[in-house]
file entry_20.cif (mmCIF, C-alpha atoms and all ligand atoms)
data_my_file
#
loop_
_atom_site.group_PDB
_atom_site.id
_atom_site.type_symbol
_atom_site.label_atom_id
_atom_site.label_comp_id
_atom_site.auth_asym_id
_atom_site.auth_seq_id
_atom_site.Cartn_x
_atom_site.Cartn_y
_atom_site.Cartn_z
ATOM 1 C CA MET A 1 66.271 -6.419 -38.470
ATOM 2 C CA THR A 2 65.958 -5.311 -34.858
ATOM 3 C CA ASN A 3 69.038 -5.034 -32.708
ATOM 4 C CA LYS A 4 69.502 -8.548 -31.354
ATOM 5 C CA ASN A 5 71.914 -7.333 -28.674
ATOM 6 C CA ASN A 6 68.991 -6.360 -26.472
ATOM 7 C CA TYR A 7 67.750 -9.936 -26.250
ATOM 8 C CA ILE A 8 69.146 -12.938 -24.486
ATOM 9 C CA LEU A 9 67.942 -15.220 -27.245
ATOM 10 C CA SER A 10 66.392 -14.456 -30.564
ATOM 11 C CA CYS A 11 65.865 -15.885 -33.982
ATOM 12 C CA ASN A 12 65.545 -14.156 -37.273
ATOM 13 C CA ASP A 13 63.585 -15.487 -40.252
ATOM 14 C CA ILE A 14 64.076 -19.177 -39.456
ATOM 15 C CA TYR A 15 63.293 -21.754 -42.146
ATOM 16 C CA LYS A 16 63.403 -25.520 -41.671
ATOM 17 C CA SER A 17 62.220 -28.266 -43.996
ATOM 18 C CA TYR A 18 62.419 -32.030 -43.891
ATOM 19 C CA GLN A 19 62.785 -34.056 -47.043
ATOM 20 C CA MET A 20 60.710 -37.228 -46.840
ATOM 21 C CA GLY A 21 61.329 -39.187 -50.037
ATOM 22 C CA ALA A 22 59.895 -37.141 -52.858
ATOM 23 C CA THR A 23 58.014 -34.702 -50.664
ATOM 24 C CA ARG A 24 59.366 -31.740 -48.789
ATOM 25 C CA LEU A 25 57.788 -30.781 -45.524
ATOM 26 C CA ASP A 26 58.192 -27.068 -44.814
ATOM 27 C CA VAL A 27 57.936 -26.969 -41.029
ATOM 28 C CA LEU A 28 59.201 -23.458 -40.246
ATOM 29 C CA ARG A 29 58.706 -20.741 -42.821
ATOM 30 C CA GLY A 30 60.103 -17.506 -41.494
ATOM 31 C CA VAL A 31 59.918 -17.496 -37.718
ATOM 32 C CA ASN A 32 61.017 -14.430 -35.774
ATOM 33 C CA LEU A 33 61.147 -14.474 -32.001
ATOM 34 C CA ASP A 34 62.977 -12.296 -29.488
ATOM 35 C CA VAL A 35 63.259 -13.333 -25.855
ATOM 36 C CA SER A 36 64.280 -10.835 -23.192
ATOM 37 C CA ARG A 37 66.202 -11.813 -20.089
ATOM 38 C CA GLY A 38 63.824 -12.910 -17.311
ATOM 39 C CA GLU A 39 60.868 -13.516 -19.614
ATOM 40 C CA PHE A 40 58.564 -16.551 -19.447
ATOM 41 C CA VAL A 41 57.431 -17.170 -23.017
ATOM 42 C CA ALA A 42 55.032 -19.929 -23.993
ATOM 43 C CA VAL A 43 54.905 -21.194 -27.570
ATOM 44 C CA ARG A 44 51.593 -22.794 -28.464
ATOM 45 C CA GLY A 45 50.635 -24.647 -31.566
ATOM 46 C CA ALA A 46 48.922 -27.808 -32.756
ATOM 47 C CA SER A 47 50.746 -31.109 -32.731
ATOM 48 C CA GLY A 48 53.083 -31.146 -35.728
ATOM 49 C CA SER A 49 53.204 -27.354 -36.037
ATOM 50 C CA GLY A 50 56.972 -27.306 -35.492
ATOM 51 C CA LYS A 51 57.218 -26.390 -31.802
ATOM 52 C CA SER A 52 59.888 -28.970 -30.969
ATOM 53 C CA THR A 53 61.765 -28.145 -34.160
ATOM 54 C CA LEU A 54 61.870 -24.479 -33.170
ATOM 55 C CA LEU A 55 62.963 -25.255 -29.607
ATOM 56 C CA HIS A 56 65.733 -27.564 -30.832
ATOM 57 C CA ILE A 57 66.984 -24.844 -33.164
ATOM 58 C CA PHE A 58 66.900 -22.364 -30.265
ATOM 59 C CA GLY A 59 68.993 -24.713 -28.140
ATOM 60 C CA ALA A 60 71.475 -25.555 -30.926
ATOM 61 C CA LEU A 61 70.336 -29.183 -30.940
ATOM 62 C CA ASP A 62 69.479 -28.599 -34.597
ATOM 63 C CA THR A 63 70.359 -25.974 -37.202
ATOM 64 C CA PRO A 64 68.008 -23.947 -39.414
ATOM 65 C CA ASP A 65 68.146 -24.184 -43.211
ATOM 66 C CA LYS A 66 68.002 -20.411 -43.355
ATOM 67 C CA GLY A 67 67.948 -17.614 -40.802
ATOM 68 C CA GLY A 68 69.926 -17.020 -37.662
ATOM 69 C CA VAL A 69 69.794 -17.716 -33.945
ATOM 70 C CA PHE A 70 71.432 -15.181 -31.663
ATOM 71 C CA PHE A 71 72.550 -15.509 -28.062
ATOM 72 C CA GLU A 72 73.106 -12.072 -26.515
ATOM 73 C CA GLY A 73 73.371 -10.723 -30.046
ATOM 74 C CA GLN A 74 76.001 -13.250 -31.141
ATOM 75 C CA SER A 75 75.128 -15.470 -34.087
ATOM 76 C CA LEU A 76 75.325 -19.174 -33.149
ATOM 77 C CA ALA A 77 76.367 -19.882 -36.745
ATOM 78 C CA ARG A 78 79.677 -18.169 -35.985
ATOM 79 C CA PHE A 79 80.370 -20.160 -32.829
ATOM 80 C CA SER A 80 83.194 -22.714 -33.021
ATOM 81 C CA GLY A 81 82.380 -26.356 -32.179
ATOM 82 C CA GLY A 82 83.688 -25.885 -28.653
ATOM 83 C CA LYS A 83 81.690 -22.735 -28.131
ATOM 84 C CA ILE A 84 78.502 -24.385 -29.390
ATOM 85 C CA ASN A 85 79.013 -27.230 -26.918
ATOM 86 C CA GLU A 86 79.506 -24.728 -24.143
ATOM 87 C CA PHE A 87 76.330 -22.900 -25.212
ATOM 88 C CA ARG A 88 74.355 -26.164 -25.234
ATOM 89 C CA ASN A 89 75.723 -27.415 -21.917
ATOM 90 C CA LYS A 90 76.045 -24.263 -19.864
ATOM 91 C CA LYS A 91 73.799 -21.552 -21.256
ATOM 92 C CA ILE A 92 70.788 -23.728 -22.024
ATOM 93 C CA GLY A 93 68.920 -26.109 -19.734
ATOM 94 C CA PHE A 94 66.647 -28.474 -21.640
ATOM 95 C CA VAL A 95 63.530 -30.140 -20.184
ATOM 96 C CA PHE A 96 61.844 -32.744 -22.377
ATOM 97 C CA GLN A 97 58.347 -34.230 -22.363
ATOM 98 C CA PHE A 98 59.661 -37.748 -21.757
ATOM 99 C CA TYR A 99 62.312 -36.710 -19.207
ATOM 100 C CA HIS A 100 65.305 -38.318 -20.982
ATOM 101 C CA LEU A 101 66.789 -39.662 -17.750
ATOM 102 C CA LEU A 102 69.171 -42.619 -17.622
ATOM 103 C CA ASP A 103 67.726 -45.584 -15.718
ATOM 104 C CA GLU A 104 71.233 -47.011 -15.137
ATOM 105 C CA LEU A 105 72.085 -44.024 -12.946
ATOM 106 C CA THR A 106 70.655 -42.822 -9.654
ATOM 107 C CA VAL A 107 68.667 -39.604 -9.428
ATOM 108 C CA LEU A 108 71.706 -37.816 -8.004
ATOM 109 C CA GLU A 109 73.974 -39.113 -10.776
ATOM 110 C CA ASN A 110 71.489 -38.062 -13.457
ATOM 111 C CA VAL A 111 71.603 -34.502 -12.142
ATOM 112 C CA LEU A 112 75.405 -34.580 -11.784
ATOM 113 C CA LEU A 113 75.788 -35.745 -15.361
ATOM 114 C CA ALA A 114 74.929 -32.237 -16.562
ATOM 115 C CA LYS A 115 77.998 -30.952 -14.751
ATOM 116 C CA MET A 116 80.280 -33.686 -16.039
ATOM 117 C CA ALA A 117 79.492 -32.980 -19.687
ATOM 118 C CA GLY A 118 82.362 -30.972 -21.081
ATOM 119 C CA ALA A 119 84.510 -31.086 -17.924
ATOM 120 C CA SER A 120 88.003 -32.582 -18.020
ATOM 121 C CA ALA A 121 88.701 -35.499 -15.652
ATOM 122 C CA LEU A 122 90.808 -33.271 -13.435
ATOM 123 C CA GLY A 123 88.356 -30.395 -13.628
ATOM 124 C CA TRP A 124 85.567 -32.758 -12.665
ATOM 125 C CA PHE A 125 87.560 -34.211 -9.752
ATOM 126 C CA VAL A 126 88.220 -30.738 -8.360
ATOM 127 C CA ALA A 127 84.618 -29.605 -8.846
ATOM 128 C CA SER A 128 82.804 -32.756 -7.803
ATOM 129 C CA ASP A 129 82.222 -31.962 -4.122
ATOM 130 C CA ALA A 130 80.714 -28.602 -4.951
ATOM 131 C CA ALA A 131 78.706 -30.207 -7.764
ATOM 132 C CA LYS A 132 77.295 -32.879 -5.464
ATOM 133 C CA LYS A 133 76.308 -30.224 -2.984
ATOM 134 C CA ARG A 134 74.520 -28.220 -5.671
ATOM 135 C CA ALA A 135 72.787 -31.308 -7.084
ATOM 136 C CA ARG A 136 71.527 -32.283 -3.614
ATOM 137 C CA GLN A 137 70.350 -28.762 -2.981
ATOM 138 C CA LEU A 138 68.425 -28.637 -6.263
ATOM 139 C CA LEU A 139 66.854 -32.031 -5.591
ATOM 140 C CA ASP A 140 65.920 -30.794 -2.138
ATOM 141 C CA GLU A 141 64.236 -27.733 -3.664
ATOM 142 C CA MET A 142 62.314 -30.080 -5.969
ATOM 143 C CA GLY A 143 61.081 -32.009 -2.916
ATOM 144 C CA LEU A 144 63.195 -35.047 -3.811
ATOM 145 C CA SER A 145 65.692 -35.214 -0.951
ATOM 146 C CA GLN A 146 64.351 -38.676 -0.086
ATOM 147 C CA ARG A 147 64.812 -39.910 -3.659
ATOM 148 C CA VAL A 148 68.479 -39.211 -4.455
ATOM 149 C CA ARG A 149 69.465 -42.892 -4.489
ATOM 150 C CA HIS A 150 66.407 -44.023 -6.442
ATOM 151 C CA ARG A 151 66.640 -44.822 -10.119
ATOM 152 C CA PRO A 152 64.340 -42.949 -12.498
ATOM 153 C CA PHE A 153 62.158 -46.013 -13.221
ATOM 154 C CA GLN A 154 61.304 -46.164 -9.507
ATOM 155 C CA LEU A 155 59.783 -42.674 -9.588
ATOM 156 C CA SER A 156 56.403 -41.285 -10.621
ATOM 157 C CA GLY A 157 56.144 -39.163 -13.782
ATOM 158 C CA GLY A 158 55.975 -35.926 -11.814
ATOM 159 C CA GLU A 159 59.032 -36.907 -9.763
ATOM 160 C CA ARG A 160 60.953 -37.790 -12.915
ATOM 161 C CA GLN A 161 60.166 -34.421 -14.427
ATOM 162 C CA ARG A 162 61.400 -32.722 -11.231
ATOM 163 C CA VAL A 163 64.682 -34.622 -11.587
ATOM 164 C CA ALA A 164 64.890 -33.461 -15.196
ATOM 165 C CA ILE A 165 64.291 -29.865 -14.093
ATOM 166 C CA ALA A 166 67.041 -30.180 -11.442
ATOM 167 C CA ARG A 167 69.370 -31.508 -14.151
ATOM 168 C CA ALA A 168 68.474 -28.589 -16.438
ATOM 169 C CA LEU A 169 69.282 -26.121 -13.640
ATOM 170 C CA MET A 170 72.563 -27.728 -12.622
ATOM 171 C CA ASN A 171 74.769 -25.408 -14.678
ATOM 172 C CA GLU A 172 72.767 -22.284 -13.811
ATOM 173 C CA PRO A 173 71.597 -21.852 -17.399
ATOM 174 C CA ASP A 174 70.758 -18.451 -18.822
ATOM 175 C CA ILE A 175 67.680 -19.944 -20.464
ATOM 176 C CA VAL A 176 65.510 -22.965 -19.729
ATOM 177 C CA LEU A 177 63.917 -24.477 -22.833
ATOM 178 C CA ALA A 178 61.039 -26.805 -21.943
ATOM 179 C CA ASP A 179 59.306 -28.987 -24.534
ATOM 180 C CA GLU A 180 55.796 -29.902 -23.326
ATOM 181 C CA PRO A 181 57.110 -30.623 -19.817
ATOM 182 C CA THR A 182 53.614 -31.485 -18.586
ATOM 183 C CA GLY A 183 52.517 -33.322 -21.719
ATOM 184 C CA ASN A 184 52.968 -36.769 -20.242
ATOM 185 C CA LEU A 185 51.453 -36.001 -16.833
ATOM 186 C CA ASP A 186 47.934 -35.977 -15.416
ATOM 187 C CA SER A 187 46.516 -32.494 -14.910
ATOM 188 C CA GLN A 188 47.154 -32.301 -11.158
ATOM 189 C CA THR A 189 50.780 -33.441 -11.475
ATOM 190 C CA GLY A 190 51.181 -31.129 -14.461
ATOM 191 C CA SER A 191 49.956 -28.194 -12.344
ATOM 192 C CA GLY A 192 52.626 -29.028 -9.762
ATOM 193 C CA ILE A 193 55.328 -28.975 -12.432
ATOM 194 C CA LEU A 194 53.998 -25.712 -13.771
ATOM 195 C CA LYS A 195 54.264 -24.217 -10.282
ATOM 196 C CA VAL A 196 57.949 -25.150 -10.295
ATOM 197 C CA PHE A 197 58.419 -23.194 -13.538
ATOM 198 C CA GLU A 198 56.437 -20.238 -12.186
ATOM 199 C CA LYS A 199 58.667 -20.155 -9.121
ATOM 200 C CA LEU A 200 61.794 -20.285 -11.279
ATOM 201 C CA HIS A 201 60.418 -17.410 -13.315
ATOM 202 C CA ARG A 202 59.802 -15.362 -10.160
ATOM 203 C CA GLN A 203 63.440 -15.991 -9.226
ATOM 204 C CA GLY A 204 64.443 -14.428 -12.548
ATOM 205 C CA GLN A 205 64.922 -17.491 -14.737
ATOM 206 C CA THR A 206 64.334 -16.955 -18.454
ATOM 207 C CA ILE A 207 62.018 -19.692 -19.747
ATOM 208 C CA VAL A 208 60.756 -20.645 -23.187
ATOM 209 C CA MET A 209 58.107 -23.345 -22.886
ATOM 210 C CA VAL A 210 56.441 -25.161 -25.707
ATOM 211 C CA THR A 211 52.985 -26.550 -25.039
ATOM 212 C CA HIS A 212 49.728 -27.269 -26.790
ATOM 213 C CA ASP A 213 47.911 -26.839 -23.491
ATOM 214 C CA GLU A 214 46.056 -23.544 -23.390
ATOM 215 C CA ARG A 215 45.673 -23.680 -19.605
ATOM 216 C CA ILE A 216 49.407 -23.906 -19.151
ATOM 217 C CA ALA A 217 50.178 -21.210 -21.663
ATOM 218 C CA ALA A 218 47.907 -18.886 -19.673
ATOM 219 C CA LYS A 219 50.478 -18.883 -16.851
ATOM 220 C CA ALA A 220 53.198 -17.472 -19.058
ATOM 221 C CA GLN A 221 53.971 -13.796 -19.392
ATOM 222 C CA ARG A 222 53.757 -13.882 -23.164
ATOM 223 C CA VAL A 223 52.170 -16.441 -25.450
ATOM 224 C CA ILE A 224 53.142 -17.005 -29.038
ATOM 225 C CA LYS A 225 51.236 -19.159 -31.459
ATOM 226 C CA LEU A 226 52.905 -21.166 -34.162
ATOM 227 C CA ALA A 227 50.777 -22.075 -37.188
ATOM 228 C CA ASP A 228 51.579 -22.786 -40.822
ATOM 229 C CA GLY A 229 55.276 -22.450 -40.112
ATOM 230 C CA ARG A 230 55.044 -18.928 -38.747
ATOM 231 C CA ILE A 231 54.229 -17.006 -35.607
ATOM 232 C CA SER A 232 50.560 -16.351 -36.226
ATOM 233 C CA ALA A 233 49.638 -14.498 -33.062
ATOM 234 C CA ALA A 234 51.162 -13.164 -29.894
ATOM 235 C CA TYR A 235 49.279 -12.076 -26.814
HETATM 236 N N1 LIG B 301 63.690 -35.470 -38.257
HETATM 237 C C1 LIG B 301 62.552 -35.332 -38.931
HETATM 238 N N2 LIG B 301 62.389 -35.842 -40.172
HETATM 239 C C2 LIG B 301 61.251 -35.665 -40.839
HETATM 240 N N3 LIG B 301 60.180 -35.011 -40.386
HETATM 241 C C3 LIG B 301 60.258 -34.484 -39.171
HETATM 242 C C4 LIG B 301 61.440 -34.599 -38.358
HETATM 243 N N4 LIG B 301 61.231 -33.965 -37.188
HETATM 244 C C5 LIG B 301 59.984 -33.477 -37.248
HETATM 245 N N5 LIG B 301 59.390 -33.789 -38.432
HETATM 246 C C6 LIG B 301 58.039 -33.395 -38.854
HETATM 247 O O1 LIG B 301 57.951 -31.980 -38.750
HETATM 248 C C7 LIG B 301 56.694 -31.568 -38.245
HETATM 249 C C8 LIG B 301 56.898 -30.727 -37.004
HETATM 250 O O2 LIG B 301 57.420 -31.552 -35.966
HETATM 251 P P1 LIG B 301 57.621 -31.033 -34.492
HETATM 252 O O3 LIG B 301 58.523 -29.870 -34.500
HETATM 253 O O4 LIG B 301 58.049 -32.204 -33.696
HETATM 254 O O5 LIG B 301 56.142 -30.556 -34.123
HETATM 255 P P2 LIG B 301 55.465 -30.318 -32.694
HETATM 256 O O6 LIG B 301 56.543 -30.346 -31.658
HETATM 257 O O7 LIG B 301 54.801 -28.973 -32.806
HETATM 258 O O8 LIG B 301 54.459 -31.391 -32.506
HETATM 259 C C9 LIG B 301 55.906 -32.835 -37.993
HETATM 260 O O9 LIG B 301 55.025 -33.030 -39.075
HETATM 261 C C10 LIG B 301 56.962 -33.917 -37.935
HETATM 262 O O10 LIG B 301 56.456 -35.129 -38.357
HETATM 263 MG MG MG B 302 56.865 -31.545 -30.073
#

call {"tool": "encode", "arguments": {"input": "entry_20.cif", "output": "structure tokens"}}
result
Amino acid sequence: MTNKNNYILSCNDIYKSYQMGATRLDVLRGVNLDVSRGEFVAVRGASGSGKSTLLHIFGALDTPDKGGVFFEGQSLARFSGGKINEFRNKKIGFVFQFYHLLDELTVLENVLLAKMAGASALGWFVASDAAKKRARQLLDEMGLSQRVRHRPFQLSGGERQRVAIARALMNEPDIVLADEPTGNLDSQTGSGILKVFEKLHRQGQTIVMVTHDERIAAKAQRVIKLADGRISAAY
């Protein structure tokens, strides 16, 4: 085993299966991946190859059957419940294919929600002015300063994904995990979203992006291919 302390995020010999009635589906069968701080890693693989499963395990949204995930060399399996929540909310920023925004809330509130998660009522009250300022600034950077009072259903797909990216960045995460963030967008809009990620990467953001789009993967610094439950190639 390599020294995991050198990496911001890594996983070691990850296995994950799903039991579906009498059959067992072995999705991940020994995945090893080390991500250095500041890297932009793309994970490619066919639909159903386990990309989302791997990303969820990386972000502690799911747990592996076997193997370990390490954040700055610390095993997530040893984190207390509170520490896991903090990892999920503050260290990781998640961007999903279908945005996962709440239509009941405005764009600004959706972004602010990331900050409210895990904060006490008093803590939130004290922090809220600063949080609103940061949320507005992020939305401004995403070109959405004229959309803060809109609700997600009033926005285009590309605009929704920009809101989701702003939400992911709200807590200044150490790592952004993006699951096919352009998968639901036309190619031109998808290129715009990809430019946002490239800019974040230039600013030093660590990014792990899952995609089955070869064109998009080509923009990443390192591409990893997932097939038959394992990393089959890296280039
Ligand atoms: N909760 C689950 N229960 C059963 N099977 C699942 C579950 N989640 C994913 N799968 C199956 O695991 C395989 C990998 O899924 P996924 O990680 O979503 O692949 P990808 O993101 O690469 O398309 C798929 O065949 C999928 O149907
Ligand atoms: Mg998926």

call {"tool": "resolve_selection", "arguments": {"input": "entry_20.cif", "expression": "the PyMOL selection byres (((chain A and resi 7-17) around 6) and not hetatm)", "output": "PyMOL selection string"}}
result
chain A and resi 4-6+18+25-37+64-72

call {"tool": "residues_near_ligand", "arguments": {"input": "entry_20.cif", "ligand": "ligand LIG 301 (chain B)", "cutoff": "10 Å", "atoms": "all atoms listed in the file", "output": "ChimeraX atom specification"}}
result
/A:16-21,24-28,43-57,62,179-180,210-212,226-227,229

call {"tool": "write_last_selection", "arguments": {"input": "entry_20.cif", "atoms": "C-alpha atoms", "output": "compact mmCIF listing (two decimals), in the frame of the given file"}}
result
# COMPACT_ATOMS: atom_id res chain seq x y z
CA LYS A 16 63.40 -25.52 -41.67
CA SER A 17 62.22 -28.27 -44.00
CA TYR A 18 62.42 -32.03 -43.89
CA GLN A 19 62.78 -34.06 -47.04
CA MET A 20 60.71 -37.23 -46.84
CA GLY A 21 61.33 -39.19 -50.04
CA ARG A 24 59.37 -31.74 -48.79
CA LEU A 25 57.79 -30.78 -45.52
CA ASP A 26 58.19 -27.07 -44.81
CA VAL A 27 57.94 -26.97 -41.03
CA LEU A 28 59.20 -23.46 -40.25
CA VAL A 43 54.90 -21.19 -27.57
CA ARG A 44 51.59 -22.79 -28.46
CA GLY A 45 50.64 -24.65 -31.57
CA ALA A 46 48.92 -27.81 -32.76
CA SER A 47 50.75 -31.11 -32.73
CA GLY A 48 53.08 -31.15 -35.73
CA SER A 49 53.20 -27.35 -36.04
CA GLY A 50 56.97 -27.31 -35.49
CA LYS A 51 57.22 -26.39 -31.80
CA SER A 52 59.89 -28.97 -30.97
CA THR A 53 61.76 -28.14 -34.16
CA LEU A 54 61.87 -24.48 -33.17
CA LEU A 55 62.96 -25.26 -29.61
CA HIS A 56 65.73 -27.56 -30.83
CA ILE A 57 66.98 -24.84 -33.16
CA ASP A 62 69.48 -28.60 -34.60
CA ASP A 179 59.31 -28.99 -24.53
CA GLU A 180 55.80 -29.90 -23.33
CA VAL A 210 56.44 -25.16 -25.71
CA THR A 211 52.98 -26.55 -25.04
CA HIS A 212 49.73 -27.27 -26.79
CA LEU A 226 52.90 -21.17 -34.16
CA ALA A 227 50.78 -22.08 -37.19
CA GLY A 229 55.28 -22.45 -40.11

call {"tool": "resolve_selection", "arguments": {"input": "entry_20.cif", "expression": "the PyMOL selection byres (((chain A and resi 141-146) around 8) and not hetatm)", "output": "VMD selection string"}}
result
chain A and resid 136 to 140 147 to 149 159 162 to 163 166 196

call {"tool": "write_last_selection", "arguments": {"input": "entry_20.cif", "atoms": "C-alpha atoms", "output": "compact mmCIF listing (two decimals), in the frame of the given file"}}
result
# COMPACT_ATOMS: atom_id res chain seq x y z
CA ARG A 136 71.53 -32.28 -3.61
CA GLN A 137 70.35 -28.76 -2.98
CA LEU A 138 68.42 -28.64 -6.26
CA LEU A 139 66.85 -32.03 -5.59
CA ASP A 140 65.92 -30.79 -2.14
CA ARG A 147 64.81 -39.91 -3.66
CA VAL A 148 68.48 -39.21 -4.46
CA ARG A 149 69.46 -42.89 -4.49
CA GLU A 159 59.03 -36.91 -9.76
CA ARG A 162 61.40 -32.72 -11.23
CA VAL A 163 64.68 -34.62 -11.59
CA ALA A 166 67.04 -30.18 -11.44
CA VAL A 196 57.95 -25.15 -10.30

call {"tool": "closest_residue", "arguments": {"input": "entry_20.cif", "among": "A:Ser191, A:Gln161, A:Phe98, A:Val111", "to": "ligand MG 302 (chain B)", "atoms": "all atoms listed in the file"}}
result
A:Phe98

call {"tool": "resolve_selection", "arguments": {"input": "entry_20.cif", "expression": "the PyMOL selection byres (((chain A and resi 221) around 8) and not hetatm)", "output": "VMD selection string"}}
result
chain A and resid 39 to 42 218 to 220 222 to 223

call {"tool": "closest_residue", "arguments": {"input": "entry_20.cif", "among": "A:Ala178, A:Met116, A:Lys225, A:Ile193", "to": "ligand MG 302 (chain B)", "atoms": "only C-alpha atoms and all ligand atoms"}}
result
A:Ala178

call {"tool": "atom_distance", "arguments": {"input": "entry_20.cif", "atom1": "atom CA of A:His100", "atom2": "atom CA of A:Ser187"}}
result
20.6 Å
